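Data from run.cif: mmCIF, C-alpha atoms
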data_structure
loop_
_atom_site.label_atom_id
_atom_site.label_comp_id
_atom_site.auth_asym_id
_atom_site.auth_seq_id
_atom_site.Cartn_x
_atom_site.Cartn_y
_atom_site.Cartn_z
CA MET A 235 -4.20 8.48 -8.08
CA LEU A 236 -1.11 8.96 -5.95
CA ALA A 237 -1.00 7.69 -2.37
CA VAL A 238 1.74 8.41 0.14
CA LEU A 239 2.47 5.68 2.66
CA ILE A 240 3.44 6.84 6.14
CA ASP A 241 5.10 4.29 8.41
CA PRO A 242 4.60 5.42 12.03
CA ASP A 243 7.77 3.61 13.03
CA SER A 244 9.85 5.94 10.86
CA ILE A 245 8.41 9.16 12.32
CA PRO A 246 10.83 10.76 14.80
CA ASP A 247 8.35 13.23 16.30
CA GLU A 248 4.99 14.95 15.79
CA SER A 249 6.42 18.04 14.13
CA PHE A 250 8.03 15.88 11.45
CA LEU A 251 4.68 14.21 10.81
CA VAL A 252 2.85 17.56 10.64
CA ASP A 253 5.36 18.71 8.03
CA LEU A 254 4.88 15.50 6.02
CA CYS A 255 1.11 15.95 6.02
CA GLY A 256 1.39 19.48 4.72
CA LYS A 257 3.78 18.47 1.97
CA ALA A 258 1.63 15.49 0.95
CA GLU A 259 -1.45 17.68 0.55
CA SER A 260 0.25 20.64 -1.13
CA SER A 261 2.14 18.38 -3.54
CA GLY A 262 -0.99 16.84 -5.02
CA ALA A 263 -1.25 13.46 -3.32
CA ASP A 264 -4.75 11.96 -3.34
CA LEU A 265 -4.61 9.53 -0.42
CA ILE A 266 -2.59 8.82 2.69
CA LEU A 267 -1.95 5.22 3.73
CA VAL A 268 -0.77 4.44 7.25
CA GLY A 269 0.95 1.22 8.25
CA GLY A 270 4.14 -0.81 8.36
CA SER A 271 5.52 -4.29 8.78
CA LEU A 272 6.53 -3.62 12.38
CA ILE A 273 5.48 -0.90 14.80
CA THR A 274 7.78 -0.57 17.81
CA ASN A 275 7.22 3.00 19.01
CA GLY A 276 3.56 2.83 20.08
CA PHE A 277 2.79 5.84 17.92
CA PHE A 278 0.20 4.28 15.61
CA ASP A 279 -3.08 5.70 16.98
CA ASP A 280 -1.57 9.11 17.65
CA CYS A 281 -0.07 9.10 14.15
CA VAL A 282 -3.49 8.58 12.56
CA ARG A 283 -5.07 11.26 14.74
CA VAL A 284 -2.40 13.80 13.81
CA ILE A 285 -2.79 13.03 10.10
CA LYS A 286 -6.57 13.46 10.30
CA ARG A 287 -6.11 16.75 12.15
CA GLU A 288 -3.51 18.13 9.76
CA SER A 289 -4.79 16.90 6.40
CA LYS A 290 -8.06 16.76 4.49
CA LEU A 291 -6.91 13.78 2.43
CA PRO A 292 -8.64 10.41 2.94
CA VAL A 293 -6.69 8.21 5.36
CA LEU A 294 -6.60 4.47 4.68
CA LEU A 295 -5.10 1.93 7.05
CA PHE A 296 -2.56 -0.42 5.48
CA PRO A 297 -2.15 -2.73 8.47
CA GLY A 298 0.82 -4.99 9.06
CA SER A 299 -0.76 -6.51 12.18
CA LEU A 300 -3.81 -6.52 14.44
CA MET A 301 -2.20 -3.70 16.40
CA GLN A 302 -2.58 -1.38 13.43
CA ILE A 303 -6.30 -0.68 13.56
CA SER A 304 -7.32 2.88 14.37
CA HIS A 305 -10.93 4.02 14.48
CA ASP A 306 -9.88 7.55 13.57
CA ALA A 307 -9.06 6.59 9.96
CA ASP A 308 -11.56 6.70 7.10
CA ALA A 309 -11.11 3.16 5.79
CA ILE A 310 -9.00 0.04 6.06
CA LEU A 311 -7.52 -2.09 3.33
CA PHE A 312 -8.58 -5.45 4.78
CA LEU A 313 -5.62 -7.40 3.46
CA SER A 314 -5.42 -11.08 2.59
CA LEU A 315 -1.92 -12.10 1.50
CA ILE A 316 -3.00 -14.14 -1.51
CA SER A 317 0.48 -14.44 -3.02
CA GLY A 318 1.70 -16.48 -0.06
CA ARG A 319 0.75 -19.74 1.60
CA ASN A 320 0.73 -18.55 5.19
CA PRO A 321 -2.79 -19.33 6.48
CA GLU A 322 -2.49 -16.78 9.29
CA LEU A 323 -2.24 -13.98 6.74
CA LEU A 324 -4.74 -15.46 4.32
CA ILE A 325 -7.56 -15.69 6.87
CA GLY A 326 -6.31 -16.25 10.43
CA LYS A 327 -5.57 -12.66 11.48
CA GLN A 328 -8.64 -11.47 9.59
CA VAL A 329 -10.88 -13.68 11.76
CA LEU A 330 -9.47 -12.03 14.87
CA ALA A 331 -9.89 -8.52 13.44
CA ALA A 332 -13.41 -9.00 12.05
CA PRO A 333 -15.43 -8.38 15.26
CA GLN A 334 -13.54 -5.17 15.96
CA LEU A 335 -14.00 -3.93 12.40
CA LYS A 336 -17.71 -4.71 12.42
CA LYS A 337 -18.17 -2.45 15.43
CA SER A 338 -16.11 0.36 13.93
CA ARG A 339 -17.16 3.11 11.53
CA LEU A 340 -14.30 2.25 9.19
CA GLU A 341 -15.06 1.48 5.58
CA VAL A 342 -13.69 -2.04 5.12
CA ILE A 343 -12.18 -2.67 1.67
CA PRO A 344 -11.50 -6.38 0.95
CA THR A 345 -8.03 -6.36 -0.62
CA GLY A 346 -5.91 -9.06 -2.21
CA TYR A 347 -2.33 -8.32 -1.19
CA MET A 348 0.39 -9.68 -3.50
CA LEU A 349 4.14 -9.52 -2.92
CA ILE A 350 6.24 -9.26 -6.07
CA ASP A 351 9.99 -9.85 -5.97
CA GLY A 352 11.73 -6.47 -5.87
CA GLY A 353 15.31 -7.73 -5.98
CA LYS A 354 15.99 -8.02 -2.25
CA THR A 355 14.50 -9.49 0.91
CA THR A 356 12.12 -6.89 2.37
CA SER A 357 10.63 -6.51 5.82
CA VAL A 358 7.19 -7.62 4.68
CA SER A 359 8.55 -10.78 3.07
CA TYR A 360 10.54 -11.66 6.19
CA MET A 361 7.78 -10.82 8.66
CA SER A 362 5.10 -12.64 6.67
CA GLY A 363 7.23 -15.74 6.11
CA THR A 364 6.24 -15.87 2.44
CA THR A 365 8.06 -15.96 -0.87
CA PRO A 366 7.23 -13.16 -3.34
CA ILE A 367 5.96 -13.95 -6.82
CA PRO A 368 8.93 -13.86 -9.24
CA ALA A 369 9.05 -10.59 -11.16
CA ASP A 370 9.54 -12.45 -14.44
CA LYS A 371 6.41 -14.61 -14.00
CA PRO A 372 3.53 -12.28 -14.91
CA ALA A 373 1.17 -15.21 -15.55
CA ILE A 374 1.44 -16.29 -11.91
CA ALA A 375 0.62 -12.78 -10.73
CA ALA A 376 -2.29 -12.51 -13.16
CA THR A 377 -3.93 -15.79 -12.18
CA THR A 378 -3.39 -15.08 -8.49
CA ALA A 379 -5.14 -11.73 -8.85
CA LEU A 380 -7.92 -13.33 -10.87
CA ALA A 381 -8.50 -15.96 -8.19
CA GLY A 382 -8.67 -13.23 -5.57
CA THR A 383 -11.31 -11.26 -7.43
CA LEU A 384 -13.35 -14.39 -8.13
CA LEU A 385 -13.33 -14.97 -4.37
CA GLY A 386 -14.85 -11.50 -3.99
CA LEU A 387 -11.88 -9.25 -3.22
CA LYS A 388 -12.57 -5.67 -4.34
CA VAL A 389 -9.01 -4.34 -4.69
CA ILE A 390 -5.65 -5.82 -5.67
CA TYR A 391 -2.50 -4.39 -4.09
CA MET A 392 0.82 -5.45 -5.64
CA ASP A 393 3.85 -4.58 -3.56
CA ALA A 394 7.57 -5.00 -4.17
CA GLY A 395 8.10 -4.10 -0.51
CA SER A 396 9.55 -1.14 1.33
CA GLY A 397 13.02 -0.30 0.08
CA ALA A 398 12.79 -2.65 -2.89
CA GLN A 399 15.59 -2.36 -5.42
CA ASN A 400 13.13 -2.66 -8.30
CA PRO A 401 9.44 -1.71 -8.59
CA VAL A 402 6.75 -4.08 -9.86
CA PRO A 403 7.50 -4.53 -13.59
CA ALA A 404 5.13 -3.05 -16.16
CA SER A 405 4.73 -6.52 -17.68
CA VAL A 406 3.31 -7.84 -14.41
CA ILE A 407 0.95 -4.87 -14.05
CA GLU A 408 -0.28 -5.32 -17.63
CA ALA A 409 -0.86 -9.04 -17.15
CA VAL A 410 -2.90 -8.45 -14.00
CA CYS A 411 -4.97 -5.68 -15.62
CA GLU A 412 -5.86 -8.00 -18.47
CA GLN A 413 -7.41 -10.44 -16.01
CA VAL A 414 -9.15 -8.25 -13.43
CA ASP A 415 -11.32 -5.15 -13.49
CA VAL A 416 -10.95 -3.96 -9.89
CA PRO A 417 -8.77 -1.05 -8.71
CA LEU A 418 -5.08 -1.91 -8.69
CA PHE A 419 -2.66 -0.42 -6.15
CA VAL A 420 1.05 -0.71 -6.95
CA GLY A 421 3.84 0.16 -4.52
CA GLY A 422 7.39 -0.56 -3.48
CA GLY A 423 10.54 0.77 -5.09
CA MET A 424 8.85 3.71 -6.83
CA ARG A 425 11.44 6.49 -6.88
CA THR A 426 11.33 8.20 -10.27
CA VAL A 427 8.88 9.85 -12.63
CA GLU A 428 9.79 7.28 -15.27
CA GLN A 429 8.89 4.35 -12.99
CA VAL A 430 5.60 5.92 -11.98
CA THR A 431 4.69 6.79 -15.57
CA ALA A 432 5.44 3.23 -16.72
CA ALA A 433 3.24 1.78 -13.97
CA CYS A 434 0.36 4.10 -14.85
CA LYS A 435 0.59 3.33 -18.56
CA ALA A 436 0.61 -0.38 -17.71
CA GLY A 437 -2.74 0.05 -15.94
CA ALA A 438 -2.12 0.83 -12.26
CA HIS A 439 -4.92 2.89 -10.70
CA VAL A 440 -3.14 3.98 -7.51
CA ILE A 441 0.61 4.47 -7.18
CA VAL A 442 1.91 4.17 -3.60
CA VAL A 443 5.11 5.96 -2.58
CA GLY A 444 6.61 5.39 0.86
CA ASN A 445 10.35 5.60 1.51
CA ALA A 446 10.92 8.00 -1.38
CA PHE A 447 8.35 10.41 0.07
CA GLU A 448 9.81 10.39 3.59
CA LYS A 449 13.35 10.92 2.25
CA ASP A 450 12.39 13.60 -0.27
CA PRO A 451 8.87 15.01 0.21
CA GLY A 452 9.44 17.40 -2.69
CA LEU A 453 9.51 14.41 -5.01
CA VAL A 454 5.78 13.92 -4.51
CA ALA A 455 4.90 16.98 -6.59
CA GLU A 456 6.78 15.54 -9.58
CA LEU A 457 5.24 12.11 -9.13
CA ALA A 458 1.74 13.57 -8.73
CA LYS A 459 2.11 15.42 -12.03
CA ALA A 460 3.22 12.18 -13.70
CA VAL A 461 0.29 10.23 -12.25
CA HIS A 462 -2.39 12.80 -13.00
CA GLY A 463 -0.94 13.53 -16.42
CA SER A 464 -1.20 9.88 -17.41
CA VAL A 465 -4.95 9.69 -16.82
#

Translate this structure into structure tokens?
Amino acid sequence: MLAVLIDPDSIPDESFLVDLCGKAESSGADLILVGGSLITNGFFDDCVRVIKRESKLPVLLFPGSLMQISHDADAILFLSLISGRNPELLIGKQVLAAPQLKKSRLEVIPTGYMLIDGGKTTSVSYMSGTTPIPADKPAIAATTALAGTLLGLKVIYMDAGSGAQNPVPASVIEAVCEQVDVPLFVGGGMRTVEQVTAACKAGAHVIVVGNAFEKDPGLVAELAKAVHGSV
């Protein structure tokens, strides 16, 4: 599947967002993720509402903080940053969010979130205060993912970070897929059909495109063909 990630902080106005939604749906995307490392414009709830109004695609929250929970979405990737050693992002913030999520109608998807080195310091690495797993250490990524699934996590999300120079290597994706049998999301640095095709062949179940989509929405149609053609 192909998911487009919309960062509310990068949306200049509602008309721009409406246009993005139309292009995501018409280009063959399967999911829309909403979230970002830092939200400064107060547009998060309104952003989700507009997306739900303008698109029939499932909307999943990809929260960077407790402020990024909207009851208008369909589901939330309930992230635990298992690649890092920051207790606040392993379980601390989740404890604070749990009562609100229990009262909501959101489908809660327990997700092991893993940062993989993408060649530069990204916002998520800086904001989380954690060091990404080295891109040339697939065994570390594989055993981290395995530990997460043995703890009961239902999804693994590997991310090179927004604006990464390099996407998650195929070798890392393959190593993780050999160890776990849960859906695998892969994002960060995906800009070309070749990169997306390599990730799919390595075993990724959902490819996430963010910056590339916002800069060139027409690219999504090409990437969607690559993703769906690799199934």

Could you state the separation of CA of Ala332 (chain A) and CA of Leu300 (chain A) in Å, given to one decimal place?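 Spanning CA of Ala332 (chain A) to CA of Leu300 (chain A) is a straight-line distance of 10.2 Å.
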
Check which residues satisfy the PyMOL selection byres ((chain A and resi 236-251) around 6) in the file shown, then give them as an mmCIF file with C-alpha atoms, in the coordinates of the input.
data_model
loop_
_atom_site.group_PDB
_atom_site.id
_atom_site.type_symbol
_atom_site.label_atom_id
_atom_site.label_comp_id
_atom_site.auth_asym_id
_atom_site.auth_seq_id
_atom_site.Cartn_x
_atom_site.Cartn_y
_atom_site.Cartn_z
ATOM 1 C CA MET A 235 -4.200 8.480 -8.080
ATOM 2 C CA VAL A 252 2.850 17.560 10.640
ATOM 3 C CA ASP A 253 5.360 18.710 8.030
ATOM 4 C CA LEU A 254 4.880 15.500 6.020
ATOM 5 C CA ALA A 263 -1.250 13.460 -3.320
ATOM 6 C CA ASP A 264 -4.750 11.960 -3.340
ATOM 7 C CA LEU A 265 -4.610 9.530 -0.420
ATOM 8 C CA ILE A 266 -2.590 8.820 2.690
ATOM 9 C CA LEU A 267 -1.950 5.220 3.730
ATOM 10 C CA VAL A 268 -0.770 4.440 7.250
ATOM 11 C CA GLY A 269 0.950 1.220 8.250
ATOM 12 C CA GLY A 270 4.140 -0.810 8.360
ATOM 13 C CA ILE A 273 5.480 -0.900 14.800
ATOM 14 C CA PHE A 278 0.200 4.280 15.610
ATOM 15 C CA VAL A 440 -3.140 3.980 -7.510
ATOM 16 C CA ILE A 441 0.610 4.470 -7.180
ATOM 17 C CA VAL A 442 1.910 4.170 -3.600
ATOM 18 C CA VAL A 443 5.110 5.960 -2.580
ATOM 19 C CA GLY A 444 6.610 5.390 0.860
#

Applying 6 Å and only C-alpha atoms, which residues near Pro366 (chain A) remain after dropping the ones on its own chain fewer than 5 positions away? List them as a ChimeraX atom specification. /A:349-351

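Residues matched by the PyMOL selection byres ((chain A and resi 292) around 7) in this file: A:Leu265, A:Ile266, A:Lys290, A:Leu291, A:Val293, A:Leu294, A:Asp308.
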
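Minimum distance to Ile407 (chain A) across A:Gly437, A:Gly382, A:Gly421, A:Gly463 (counting all atoms listed in the file) occurs at A:Gly437.
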
The distance between CA of Thr355 (chain A) and CA of Ala398 (chain A) is 8.0 Å

List the neighbours of Tyr360 (chain A) out to 12 Å using all atoms listed in the file; skip same-chain residues closer than 5 positions along the sequence, and give me the result as a PyMOL selection string. chain A and resi 271-272+318+349+354-355+365-366+395-396

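Across A:His305, A:Val358, A:Gly397, A:Ala409, the tightest approach to Cys281 (chain A) is made by A:His305 when counting all atoms listed in the file.
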
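Reported to one decimal place, the separation of CA of Thr431 (chain A) from CA of Thr356 (chain A) is 23.8 Å.
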
Given only C-alpha atoms as the basis, pick out the residue of A:Met348, A:Cys255, A:Ala458, A:Ala394 nearest to Leu323 (chain A).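 Smallest distance to Leu323 (chain A) is found for A:Met348.
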